[in-house]
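Peer 1: Sharing input_30.csv here; it has CSV, C-alpha atoms.
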```csv
chain,number,residue,atom,x,y,z
K,1,MET,CA,144.9,70.7,95.1
K,2,ASN,CA,145.3,68.9,98.5
K,3,CYS,CA,142.6,67.6,100.8
K,4,LEU,CA,142.6,70.6,103.0
K,5,ASP,CA,142.1,73.1,100.1
K,6,TYR,CA,139.4,70.8,98.7
K,7,ARG,CA,137.4,70.7,101.9
K,8,ARG,CA,137.8,74.4,102.6
K,9,ALA,CA,136.4,75.2,99.2
K,10,LEU,CA,133.6,72.7,99.7
K,11,LEU,CA,132.6,74.1,103.1
K,12,ALA,CA,132.5,77.6,101.7
K,13,GLY,CA,129.9,76.4,99.3
K,14,GLU,CA,131.7,77.4,96.1
K,15,ASN,CA,130.8,75.6,92.9
K,16,GLU,CA,133.1,72.7,92.2
K,17,THR,CA,135.9,73.7,89.9
K,18,ARG,CA,137.8,71.4,87.5
K,19,ALA,CA,140.7,71.2,90.0
K,20,MET,CA,138.3,70.2,92.8
K,21,LYS,CA,136.7,67.6,90.7
K,22,GLU,CA,140.0,66.1,89.6
K,23,HIS,CA,141.1,65.9,93.3
K,24,ARG,CA,137.8,64.3,94.4
K,25,LEU,CA,138.0,61.6,91.7
K,26,GLN,CA,141.5,60.8,92.8
K,27,CYS,CA,140.9,60.9,96.6
K,28,THR,CA,138.4,58.4,98.1
K,29,ALA,CA,138.2,60.2,101.5
K,30,CYS,CA,137.3,63.5,99.8
K,31,GLY,CA,134.9,61.6,97.6
K,32,CYS,CA,133.0,60.5,100.8
K,33,VAL,CA,133.2,64.1,102.1
K,34,PHE,CA,131.7,65.3,98.8
K,35,ALA,CA,128.8,62.8,99.0
K,36,GLU,CA,128.0,63.8,102.6
K,37,HIS,CA,128.3,67.5,101.6
K,38,ALA,CA,125.9,67.1,98.7
K,39,GLN,CA,123.3,65.6,101.0
K,40,PHE,CA,123.8,68.5,103.5
K,41,GLU,CA,123.4,71.0,100.7
K,42,ARG,CA,120.1,69.4,99.5
K,43,GLU,CA,118.8,69.7,103.1
K,44,LEU,CA,120.0,73.2,103.2
K,45,ARG,CA,118.1,74.1,100.1
K,46,ARG,CA,115.0,72.4,101.4
K,47,GLY,CA,115.4,74.3,104.7
K,48,PHE,CA,115.6,77.7,102.9
K,49,ALA,CA,112.7,77.0,100.6
K,50,VAL,CA,109.9,78.4,102.8
K,51,PRO,CA,106.5,78.3,101.2
K,52,VAL,CA,105.6,81.4,99.2
K,53,PRO,CA,102.3,82.9,100.3
K,54,PRO,CA,99.5,82.1,97.8
K,55,GLY,CA,98.9,85.0,95.4
K,56,LEU,CA,102.1,86.8,96.3
K,57,GLU,CA,103.1,87.4,92.7
K,58,HIS,CA,99.7,88.9,91.9
K,59,ARG,CA,99.7,91.1,95.0
K,60,LEU,CA,103.2,92.4,94.2
K,61,ALA,CA,102.3,93.1,90.6
K,62,THR,CA,99.1,94.9,91.7
K,63,ALA,CA,101.0,97.0,94.2
K,64,VAL,CA,103.6,98.0,91.6
K,65,THR,CA,100.9,98.8,89.1
K,66,SER,CA,98.8,100.9,91.5
K,67,SER,CA,102.0,102.7,92.7
K,68,ARG,CA,102.9,103.3,89.0
K,69,ARG,CA,99.5,104.9,88.5
K,70,ARG,CA,99.9,107.1,91.6
K,71,PHE,CA,103.5,107.9,90.5
K,72,LEU,CA,102.4,108.9,87.0
K,73,ALA,CA,99.5,110.9,88.4
K,74,ALA,CA,101.8,112.7,90.8
K,75,ALA,CA,104.3,113.3,87.9
K,76,ALA,CA,101.4,114.7,85.8
K,77,ILE,CA,100.4,117.0,88.7
K,78,GLY,CA,104.1,118.0,89.0
K,79,VAL,CA,104.2,118.9,85.3
K,80,LEU,CA,100.9,120.8,85.6
K,81,ALA,CA,102.3,122.6,88.7
K,82,VAL,CA,105.4,123.6,86.8
K,83,GLY,CA,103.2,124.6,83.8
K,84,ALA,CA,100.9,126.6,86.1
K,85,GLY,CA,104.0,128.2,87.7
K,86,SER,CA,105.3,129.2,84.4
K,87,TYR,CA,101.8,130.5,83.4
K,88,ALA,CA,101.5,132.4,86.7
K,89,TRP,CA,104.9,133.9,86.0
K,90,LEU,CA,103.9,134.9,82.5
K,91,ARG,CA,100.7,136.3,84.0
K,92,ARG,CA,102.4,138.2,86.7
K,93,PRO,CA,100.9,141.6,87.5
K,94,ASP,CA,101.0,143.6,84.3
K,95,PRO,CA,102.6,147.1,84.9
K,96,LEU,CA,100.0,148.9,82.7
K,97,ALA,CA,97.1,147.2,84.6
K,98,LEU,CA,98.8,148.1,87.9
K,99,ALA,CA,99.1,151.7,86.7
K,100,CYS,CA,95.3,151.6,86.0
K,101,ILE,CA,94.7,150.5,89.6
K,102,GLU,CA,97.1,153.2,90.7
K,103,PHE,CA,95.1,155.8,88.8
K,104,VAL,CA,91.9,154.8,90.4
K,105,LEU,CA,93.4,154.9,93.9
K,106,MET,CA,95.2,158.3,93.4
K,107,GLU,CA,93.5,160.2,90.6
K,108,GLU,CA,89.9,159.1,90.3
K,109,ALA,CA,88.5,161.3,93.0
K,110,LYS,CA,90.2,164.4,91.6
K,111,SER,CA,88.8,163.5,88.1
K,112,ILE,CA,85.3,163.2,89.5
K,113,LEU,CA,85.6,166.5,91.3
K,114,LYS,CA,86.5,168.2,88.1
K,115,GLY,CA,83.2,167.0,86.5
K,116,SER,CA,82.5,165.1,83.3
K,117,MET,CA,83.1,166.6,79.9
K,118,PRO,CA,80.0,167.4,77.7
K,119,ARG,CA,78.5,164.4,75.9
K,120,ALA,CA,79.2,165.7,72.4
K,121,GLU,CA,82.8,166.1,73.3
K,122,ALA,CA,82.9,162.7,74.9
K,123,GLU,CA,81.4,161.1,71.8
K,124,GLN,CA,84.0,162.7,69.6
K,125,ALA,CA,86.9,161.9,71.9
K,126,LEU,CA,86.0,158.2,72.3
K,127,ALA,CA,84.9,157.6,68.7
K,128,ALA,CA,88.2,156.4,67.3
K,129,THR,CA,88.8,154.0,70.2
K,130,VAL,CA,85.5,152.8,71.6
K,131,PRO,CA,82.4,154.7,70.6
K,132,LEU,CA,80.3,156.0,73.5
K,133,ALA,CA,77.2,154.4,72.1
K,134,ARG,CA,78.9,151.0,72.3
K,135,LEU,CA,79.9,151.6,76.0
K,136,GLU,CA,76.3,152.5,76.7
K,137,ARG,CA,75.2,149.1,75.6
K,138,ILE,CA,77.3,147.6,78.4
K,139,GLY,CA,76.2,150.1,81.1
K,140,ASP,CA,75.4,153.6,82.1
K,141,VAL,CA,78.3,156.0,81.4
K,142,ARG,CA,78.4,158.5,84.3
K,143,HIS,CA,81.6,160.3,83.8
K,144,VAL,CA,84.1,161.0,81.0
K,145,LEU,CA,87.1,163.2,81.3
K,146,PRO,CA,90.5,163.4,79.6
K,147,CYS,CA,93.5,162.7,81.8
K,148,PRO,CA,97.2,162.3,81.4
K,149,PHE,CA,98.0,158.6,81.7
K,150,ASN,CA,100.8,156.3,80.5
K,151,GLY,CA,102.4,159.1,78.4
K,152,GLN,CA,99.3,159.9,76.5
K,153,THR,CA,95.9,161.6,76.9
K,154,ALA,CA,93.6,158.9,78.0
K,155,TYR,CA,89.9,159.1,79.0
K,156,HIS,CA,88.7,158.3,82.4
K,157,VAL,CA,85.2,156.8,82.2
K,158,ILE,CA,83.0,155.7,85.1
K,159,MET,CA,80.3,153.2,84.2
K,160,GLU,CA,77.5,151.7,86.2
K,161,VAL,CA,76.8,148.1,85.1
K,162,PRO,CA,74.0,145.9,86.6
K,163,GLN,CA,76.6,144.3,89.0
K,164,GLY,CA,78.1,147.5,90.2
K,165,LYS,CA,80.5,150.3,89.3
K,166,VAL,CA,83.6,150.0,87.1
K,167,THR,CA,86.2,152.5,85.9
K,168,LEU,CA,87.5,152.5,82.3
K,169,LEU,CA,90.7,154.1,81.1
K,170,VAL,CA,90.4,154.5,77.4
K,171,MET,CA,93.9,154.7,75.8
K,172,PRO,CA,93.8,155.8,72.2
K,173,GLU,CA,97.4,154.9,71.6
K,174,GLY,CA,99.1,151.5,71.7
K,175,SER,CA,97.5,148.1,72.0
K,176,ALA,CA,98.2,146.3,75.2
K,177,ALA,CA,96.8,143.5,77.3
K,178,GLY,CA,97.3,142.5,80.9
K,179,ARG,CA,95.9,141.8,84.3
K,180,ALA,CA,96.7,142.9,87.9
K,181,LYS,CA,95.3,142.9,91.4
K,182,ARG,CA,96.2,145.3,94.2
K,183,GLU,CA,94.6,146.9,97.2
K,184,GLY,CA,91.3,145.0,96.6
K,185,LEU,CA,91.0,146.2,93.0
K,186,HIS,CA,91.2,144.2,89.9
K,187,ALA,CA,92.3,145.5,86.5
K,188,SER,CA,92.2,144.0,83.1
K,189,VAL,CA,93.6,145.8,80.0
K,190,VAL,CA,91.8,144.9,76.8
K,191,PRO,CA,93.5,145.5,73.4
K,192,LEU,CA,91.2,147.1,70.8
K,193,ARG,CA,91.7,147.5,67.1
K,194,THR,CA,92.8,151.0,67.9
K,195,GLY,CA,94.2,151.6,71.4
K,196,SER,CA,93.3,149.7,74.6
K,197,VAL,CA,90.9,150.0,77.5
K,198,GLY,CA,91.7,149.4,81.1
K,199,VAL,CA,88.8,148.0,83.2
K,200,ILE,CA,89.2,148.5,86.9
K,201,GLY,CA,86.8,147.4,89.6
K,202,ALA,CA,86.5,145.9,93.1
K,203,ASP,CA,84.9,142.7,91.8
K,204,ALA,CA,87.0,140.5,89.5
K,205,ALA,CA,83.9,138.9,88.0
K,206,VAL,CA,82.5,142.3,87.1
K,207,VAL,CA,85.8,143.4,85.6
K,208,ASP,CA,86.0,140.2,83.5
K,209,SER,CA,82.4,140.6,82.4
K,210,VAL,CA,83.0,144.2,81.2
K,211,ALA,CA,86.3,143.3,79.7
K,212,GLY,CA,84.7,140.4,77.9
K,213,ALA,CA,82.0,142.7,76.5
K,214,LEU,CA,84.5,145.1,75.3
K,215,ARG,CA,86.5,142.4,73.6
K,216,SER,CA,83.5,141.0,71.9
K,217,SER,CA,82.5,144.4,70.6
K,218,ARG,CA,85.9,145.4,69.3
K,219,VAL,CA,85.8,148.2,66.7
A,1,MET,CA,113.4,93.1,79.9
A,2,ARG,CA,110.3,94.6,81.2
A,3,PHE,CA,110.0,95.3,84.9
A,4,ASP,CA,106.8,93.2,85.2
A,5,ASP,CA,108.8,90.2,83.9
A,6,LEU,CA,111.5,90.8,86.5
A,7,VAL,CA,108.8,90.7,89.2
A,8,ARG,CA,107.3,87.5,87.8
A,9,ILE,CA,110.7,85.8,87.6
A,10,HIS,CA,112.1,86.8,90.9
A,11,ALA,CA,109.1,87.3,93.2
A,12,ALA,CA,109.4,84.0,95.0
A,13,GLU,CA,113.2,84.1,95.6
A,14,LEU,CA,113.0,87.7,96.7
A,15,TYR,CA,110.2,86.8,99.2
A,16,ARG,CA,112.3,83.9,100.5
A,17,TYR,CA,115.3,86.1,100.9
A,18,ALA,CA,113.2,88.7,102.7
A,19,PHE,CA,111.7,85.9,104.9
A,20,TRP,CA,115.2,84.9,106.1
A,21,LEU,CA,116.1,88.5,106.8
A,22,THR,CA,112.9,89.3,108.7
A,23,ARG,CA,112.0,85.7,109.8
A,24,GLU,CA,108.3,86.8,109.5
A,25,SER,CA,106.1,86.2,106.5
A,26,ARG,CA,104.0,89.4,106.6
A,27,GLN,CA,107.0,91.7,107.1
A,28,ALA,CA,108.8,89.8,104.4
A,29,GLU,CA,106.0,90.5,102.0
A,30,ASP,CA,106.0,94.2,103.0
A,31,VAL,CA,109.7,94.5,102.5
A,32,VAL,CA,109.6,92.9,99.1
A,33,GLN,CA,106.7,95.1,98.1
A,34,GLU,CA,108.5,98.3,99.2
A,35,ALA,CA,111.7,97.1,97.5
A,36,LEU,CA,109.9,96.5,94.3
A,37,LEU,CA,108.3,99.9,94.4
A,38,ARG,CA,111.7,101.5,94.9
A,39,SER,CA,113.2,99.3,92.2
A,40,TRP,CA,110.5,100.2,89.7
A,41,ARG,CA,111.3,103.9,90.2
A,42,ALA,CA,115.0,103.2,89.7
A,43,PHE,CA,114.5,100.7,86.9
A,44,PRO,CA,115.4,103.1,84.1
A,45,GLN,CA,118.9,103.5,85.7
A,46,LEU,CA,119.6,99.7,85.5
A,47,ARG,CA,122.0,99.5,82.6
A,48,ASP,CA,123.0,95.8,82.7
A,49,PRO,CA,119.9,93.5,82.6
A,50,ALA,CA,122.2,90.6,83.7
A,51,ALA,CA,122.8,92.4,87.0
A,52,ALA,CA,119.0,92.7,87.7
A,53,LYS,CA,118.9,89.8,90.1
A,54,ALA,CA,121.7,91.1,92.3
A,55,TRP,CA,120.3,94.6,92.0
A,56,LEU,CA,116.9,93.4,93.3
A,57,PHE,CA,118.4,91.4,96.1
A,58,SER,CA,120.4,94.5,97.2
A,59,ILE,CA,117.3,96.6,97.2
A,60,VAL,CA,115.4,94.1,99.3
A,61,ARG,CA,118.3,94.0,101.7
A,62,ASN,CA,118.4,97.9,101.9
A,63,GLU,CA,114.7,98.0,102.4
A,64,PHE,CA,114.9,95.4,105.3
A,65,TYR,CA,117.5,97.5,107.1
A,66,ARG,CA,115.4,100.7,106.4
A,67,SER,CA,112.4,98.9,108.0
A,68,ILE,CA,114.4,97.9,111.0
A,69,ALA,CA,115.6,101.5,111.5
A,70,LYS,CA,112.0,102.6,111.3
A,71,ASN,CA,110.1,99.9,113.2
A,72,GLY,CA,112.8,98.1,115.2
A,73,PRO,CA,113.8,94.4,114.8
A,74,PRO,CA,111.2,91.9,113.7
A,75,LEU,CA,109.3,89.9,116.2
A,76,GLU,CA,109.2,86.1,115.8
A,77,ASN,CA,105.8,84.9,114.9
A,78,VAL,CA,104.9,81.3,115.9
A,79,ASP,CA,102.3,81.1,113.1
A,80,ASP,CA,104.9,81.9,110.6
A,81,LEU,CA,107.2,79.2,111.8
A,82,GLU,CA,104.2,76.8,111.5
A,83,LEU,CA,103.5,78.1,108.0
A,84,ALA,CA,107.1,77.7,107.1
A,85,ASP,CA,107.1,74.2,108.3
A,86,GLU,CA,104.3,73.0,106.0
A,87,GLY,CA,105.3,70.2,103.7
A,88,VAL,CA,108.8,69.9,104.9
A,89,SER,CA,110.3,66.5,105.7
A,90,GLN,CA,112.0,65.9,109.1
A,91,PRO,CA,115.6,66.6,107.9
A,92,GLY,CA,114.4,69.8,106.1
A,93,LEU,CA,112.5,70.8,109.3
A,94,GLU,CA,115.5,70.4,111.4
A,95,MET,CA,117.6,72.4,109.0
A,96,ARG,CA,114.9,75.2,109.0
A,97,GLU,CA,114.9,75.3,112.8
A,98,ALA,CA,118.7,75.4,112.8
A,99,LEU,CA,118.6,78.2,110.2
A,100,MET,CA,116.2,80.2,112.4
A,101,ARG,CA,118.9,80.0,115.2
A,102,LEU,CA,121.8,81.0,113.0
A,103,PRO,CA,123.2,84.5,113.7
A,104,PRO,CA,122.3,87.0,111.0
A,105,SER,CA,126.0,87.6,110.2
A,106,TYR,CA,126.2,84.0,109.1
A,107,ALA,CA,122.7,83.5,107.8
A,108,GLU,CA,122.8,86.5,105.4
A,109,PRO,CA,125.7,85.4,103.2
A,110,LEU,CA,124.4,81.8,103.3
A,111,THR,CA,121.0,82.9,102.2
A,112,LEU,CA,122.5,84.9,99.3
A,113,GLN,CA,124.5,81.9,98.3
A,114,VAL,CA,121.9,79.2,98.5
A,115,LEU,CA,118.8,81.1,97.5
A,116,GLY,CA,120.3,83.7,95.2
A,117,GLY,CA,123.0,81.5,93.8
A,118,PHE,CA,125.6,84.3,94.1
A,119,SER,CA,129.3,83.7,94.2
A,120,CYS,CA,131.6,84.6,97.1
A,121,ALA,CA,132.7,87.7,95.1
A,122,GLU,CA,129.2,88.8,94.5
A,123,ILE,CA,128.2,88.3,98.1
A,124,ALA,CA,131.2,90.2,99.3
A,125,SER,CA,130.2,93.1,97.1
A,126,MET,CA,126.6,93.0,98.2
A,127,LEU,CA,127.5,92.9,101.9
A,128,GLY,CA,130.4,95.4,101.6
A,129,ILE,CA,133.0,92.9,102.9
A,130,THR,CA,136.1,91.3,101.4
A,131,GLU,CA,135.8,88.1,99.5
A,132,GLY,CA,137.9,86.3,102.2
A,133,ALA,CA,135.5,87.5,104.9
A,134,ALA,CA,132.5,86.3,102.8
A,135,MET,CA,134.2,82.8,102.5
A,136,THR,CA,134.9,82.7,106.2
A,137,ARG,CA,131.3,83.5,107.1
A,138,LEU,CA,130.0,81.0,104.7
A,139,THR,CA,132.3,78.3,106.1
A,140,ARG,CA,131.4,79.1,109.7
A,141,ALA,CA,127.7,79.3,108.8
A,142,ARG,CA,127.8,75.7,107.5
A,143,GLN,CA,129.8,74.5,110.5
A,144,ALA,CA,127.4,76.1,112.9
A,145,LEU,CA,124.4,74.6,111.1
A,146,ARG,CA,126.0,71.2,111.2
A,147,ARG,CA,126.5,71.5,114.9
A,148,LEU,CA,122.9,72.8,115.5
A,149,VAL,CA,121.4,70.0,113.4
A,150,ALA,CA,123.6,67.4,115.1
A,151,GLY,CA,122.8,68.8,118.5
A,152,ASP,CA,119.1,68.6,117.9
A,153,THR,CA,119.3,65.1,116.6
A,154,ALA,CA,121.3,64.0,119.7
A,155,LYS,CA,118.8,65.8,122.0
A,156,GLU,CA,115.9,64.0,120.3
A,157,ARG,CA,117.7,60.7,120.8
A,158,ARG,CA,118.2,61.4,124.5
A,159,VAL,CA,114.6,62.5,124.9
A,160,GLY,CA,113.3,59.4,123.1
A,161,LYS,CA,115.1,57.1,125.5
A,162,PRO,CA,113.0,55.5,128.2
```
Translate the structure of the given file into structure tokens.
Peer 2:
Amino acid sequence: MNCLDYRRALLAGENETRAMKEHRLQCTACGCVFAEHAQFERELRRGFAVPVPPGLEHRLATAVTSSRRRFLAAAAIGVLAVGAGSYAWLRRPDPLALACIEFVLMEEAKSILKGSMPRAEAEQALAATVPLARLERIGDVRHVLPCPFNGQTAYHVIMEVPQGKVTLLVMPEGSAAGRAKREGLHASVVPLRTGSVGVIGADAAVVDSVAGALRSSRV
Amino acid sequence: MRFDDLVRIHAAELYRYAFWLTRESRQAEDVVQEALLRSWRAFPQLRDPAAAKAWLFSIVRNEFYRSIAKNGPPLENVDDLELADEGVSQPGLEMREALMRLPPSYAEPLTLQVLGGFSCAEIASMLGITEGAAMTRLTRARQALRRLVAGDTAKERRVGKP
């Protein structure tokens, strides 16, 4: 290494290599340059060492910790949102419940115009699925009539409960469950030990209430 | 290594690096804080713990340029210069004033070398320049500082004369 290379390397601030050290120890002039350079570097380090604001480390740690909490909370909300999305997907409008609403919209008036079946027949028709007496504990049964629905003979029941009117579609065959909402009507299909009942009404709370009562009085 | 340990070990040097980028203490602290929040989120991706320091310095640098793009260049704050002058001997003070006047293209590699202890190769990688360009900038930075400090000293001598 010559003097020029040595001084170039020194001025670039690189750490002294073995070759540089060997040259410095042999060259008095470069030895003097090194001493002056070392003094300059000490001043340079002092110049750069601006005081750190008091409590900086604590403030930074606190900021990171609080951000971490917010981040984890947001992540948890994200997980819940994904879960809720999946749940909503699973709970997308049930076709049978939608068919129940469709029945009320399209067929209920015709059924009412035909008139209710006699009580004795209604008792007998409903006995295997949900006894009439049990329905009467929930509300006043105003209308019962057989109707073709969902590939079977179901029973169209209109009930008056304290909160208002609800329609039931008593399905003796198949056990199903589901919910749907359309055209301002809510439907909940409740599985029974034998068959199912669709509860349809304008008020979701009333529908849930009647569906809950049917569920708790499963036969 | 835990992230909290990284913060504890490097907080002061990251702040000083940010100070010499922003030349303003409050903005420096904001830059470091934002950089640490970003680095915490990216921490699981850090595969080599030995590279943590260079990684943090790079994030501080990126955050500084992001803040400039968002808020414009930092304004010089007289109070900060006074704060930065506390407890510094006259030669150190002259050097600090000279550093304040050093163009960013020279000041930045020098800051990384002196404060961060990074080699020319590491500085070149962090700044996205060649190693030769990094060495040139470092050399010119020291030459410029020597001139600035020598100029100030000569000026003071002239002013001090009756």
Peer 1: Any idea what the distance is between atom CA of Phe103 of chain K and atom CA of Val144 of chain K?
Peer 2: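 Atom CA of Val144 of chain K lies 14.5 Å from atom CA of Phe103 of chain K.
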Peer 1: So that I can see what lies close to Met100 of chain A, please list as a ChimeraX atom specification the residues with an atom at most 8 Å from it, counting all atoms listed in the file and leaving out residues fewer than 3 positions away in the same chain.
Peer 2: /A:20,23,96-97
Peer 1: Write out as number ranges by chain the residues lying within 10 Å of segment 116-128 of chain A, counting all atoms listed in the file and excluding same-chain residues fewer than 3 positions away.
Peer 2: K: 12-15; A: 10, 13-14, 16-17, 53-55, 57-58, 61, 105, 108-113, 131-136, 138
Peer 1: Find, counting only C-alpha atoms, the residue in A:Ile59, A:Leu36, A:Ile68, A:Leu148 that gets nearest to chain K.
Peer 2: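 Answer, going by the shortest atom-to-atom distance: A:Leu36.
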Peer 1: What are the residues of chain K lining chain A at 6 Å or less? Count only C-alpha atoms, and put the answer as a VMD selection string.
Peer 2: chain K and resid 11 to 12 43 46 to 47 50 to 51 60 64
Peer 1: Please, what distance in Å, to one decimal, runs between atom CA of Phe64 of chain A and atom CA of Arg42 of chain K?
Peer 2: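 Atom-to-atom, atom CA of Phe64 of chain A and atom CA of Arg42 of chain K are spaced 27.1 Å apart.
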Peer 1: Where atoms are missing, can you supply N, CA and C atoms for segment 109-126 of chain K and output the lot as a PDB file, keeping the file's coordinate frame?
Peer 2:
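Below you can see part29.pdb, which holds the result:
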```
ATOM      1  N   ALA K 109      89.315 160.314  92.245  1.00  0.00           N
ATOM      2  CA  ALA K 109      88.500 161.300  93.000  1.00  0.00           C
ATOM      3  C   ALA K 109      88.696 162.697  92.456  1.00  0.00           C
ATOM      4  N   LYS K 110      89.959 163.037  92.125  1.00  0.00           N
ATOM      5  CA  LYS K 110      90.200 164.400  91.600  1.00  0.00           C
ATOM      6  C   LYS K 110      89.486 164.567  90.248  1.00  0.00           C
ATOM      7  N   SER K 111      89.500 163.497  89.419  1.00  0.00           N
ATOM      8  CA  SER K 111      88.800 163.500  88.100  1.00  0.00           C
ATOM      9  C   SER K 111      87.332 163.762  88.289  1.00  0.00           C
ATOM     10  N   ILE K 112      86.751 163.069  89.262  1.00  0.00           N
ATOM     11  CA  ILE K 112      85.300 163.200  89.500  1.00  0.00           C
ATOM     12  C   ILE K 112      84.975 164.623  89.943  1.00  0.00           C
ATOM     13  N   LEU K 113      85.842 165.157  90.834  1.00  0.00           N
ATOM     14  CA  LEU K 113      85.600 166.500  91.300  1.00  0.00           C
ATOM     15  C   LEU K 113      85.648 167.551  90.223  1.00  0.00           C
ATOM     16  N   LYS K 114      86.443 167.254  89.184  1.00  0.00           N
ATOM     17  CA  LYS K 114      86.500 168.200  88.100  1.00  0.00           C
ATOM     18  C   LYS K 114      85.239 168.162  87.208  1.00  0.00           C
ATOM     19  N   GLY K 115      84.486 167.087  87.294  1.00  0.00           N
ATOM     20  CA  GLY K 115      83.200 167.000  86.500  1.00  0.00           C
ATOM     21  C   GLY K 115      83.449 166.387  85.164  1.00  0.00           C
ATOM     22  N   SER K 116      82.393 165.786  84.618  1.00  0.00           N
ATOM     23  CA  SER K 116      82.500 165.100  83.300  1.00  0.00           C
ATOM     24  C   SER K 116      82.485 166.103  82.178  1.00  0.00           C
ATOM     25  N   MET K 117      83.076 165.734  81.068  1.00  0.00           N
ATOM     26  CA  MET K 117      83.100 166.600  79.900  1.00  0.00           C
ATOM     27  C   MET K 117      81.707 166.445  79.197  1.00  0.00           C
ATOM     28  N   PRO K 118      81.327 167.433  78.380  1.00  0.00           N
ATOM     29  CA  PRO K 118      80.000 167.400  77.700  1.00  0.00           C
ATOM     30  C   PRO K 118      79.910 166.125  76.827  1.00  0.00           C
ATOM     31  N   ARG K 119      78.704 165.630  76.674  1.00  0.00           N
ATOM     32  CA  ARG K 119      78.500 164.400  75.900  1.00  0.00           C
ATOM     33  C   ARG K 119      78.997 164.437  74.518  1.00  0.00           C
ATOM     34  N   ALA K 120      78.732 165.552  73.847  1.00  0.00           N
ATOM     35  CA  ALA K 120      79.200 165.700  72.400  1.00  0.00           C
ATOM     36  C   ALA K 120      80.675 165.527  72.334  1.00  0.00           C
ATOM     37  N   GLU K 121      81.354 166.190  73.255  1.00  0.00           N
ATOM     38  CA  GLU K 121      82.800 166.100  73.300  1.00  0.00           C
ATOM     39  C   GLU K 121      83.281 164.664  73.582  1.00  0.00           C
ATOM     40  N   ALA K 122      82.591 164.066  74.496  1.00  0.00           N
ATOM     41  CA  ALA K 122      82.900 162.700  74.900  1.00  0.00           C
ATOM     42  C   ALA K 122      82.749 161.754  73.702  1.00  0.00           C
ATOM     43  N   GLU K 123      81.648 161.937  72.976  1.00  0.00           N
ATOM     44  CA  GLU K 123      81.400 161.100  71.800  1.00  0.00           C
ATOM     45  C   GLU K 123      82.531 161.216  70.799  1.00  0.00           C
ATOM     46  N   GLN K 124      82.938 162.460  70.592  1.00  0.00           N
ATOM     47  CA  GLN K 124      84.000 162.700  69.600  1.00  0.00           C
ATOM     48  C   GLN K 124      85.346 162.187  70.113  1.00  0.00           C
ATOM     49  N   ALA K 125      85.595 162.353  71.393  1.00  0.00           N
ATOM     50  CA  ALA K 125      86.900 161.900  71.900  1.00  0.00           C
ATOM     51  C   ALA K 125      87.050 160.407  71.918  1.00  0.00           C
ATOM     52  N   LEU K 126      85.949 159.719  72.148  1.00  0.00           N
ATOM     53  CA  LEU K 126      86.000 158.200  72.300  1.00  0.00           C
ATOM     54  C   LEU K 126      85.806 157.539  70.915  1.00  0.00           C
TER      55      LEU K 126
END
```
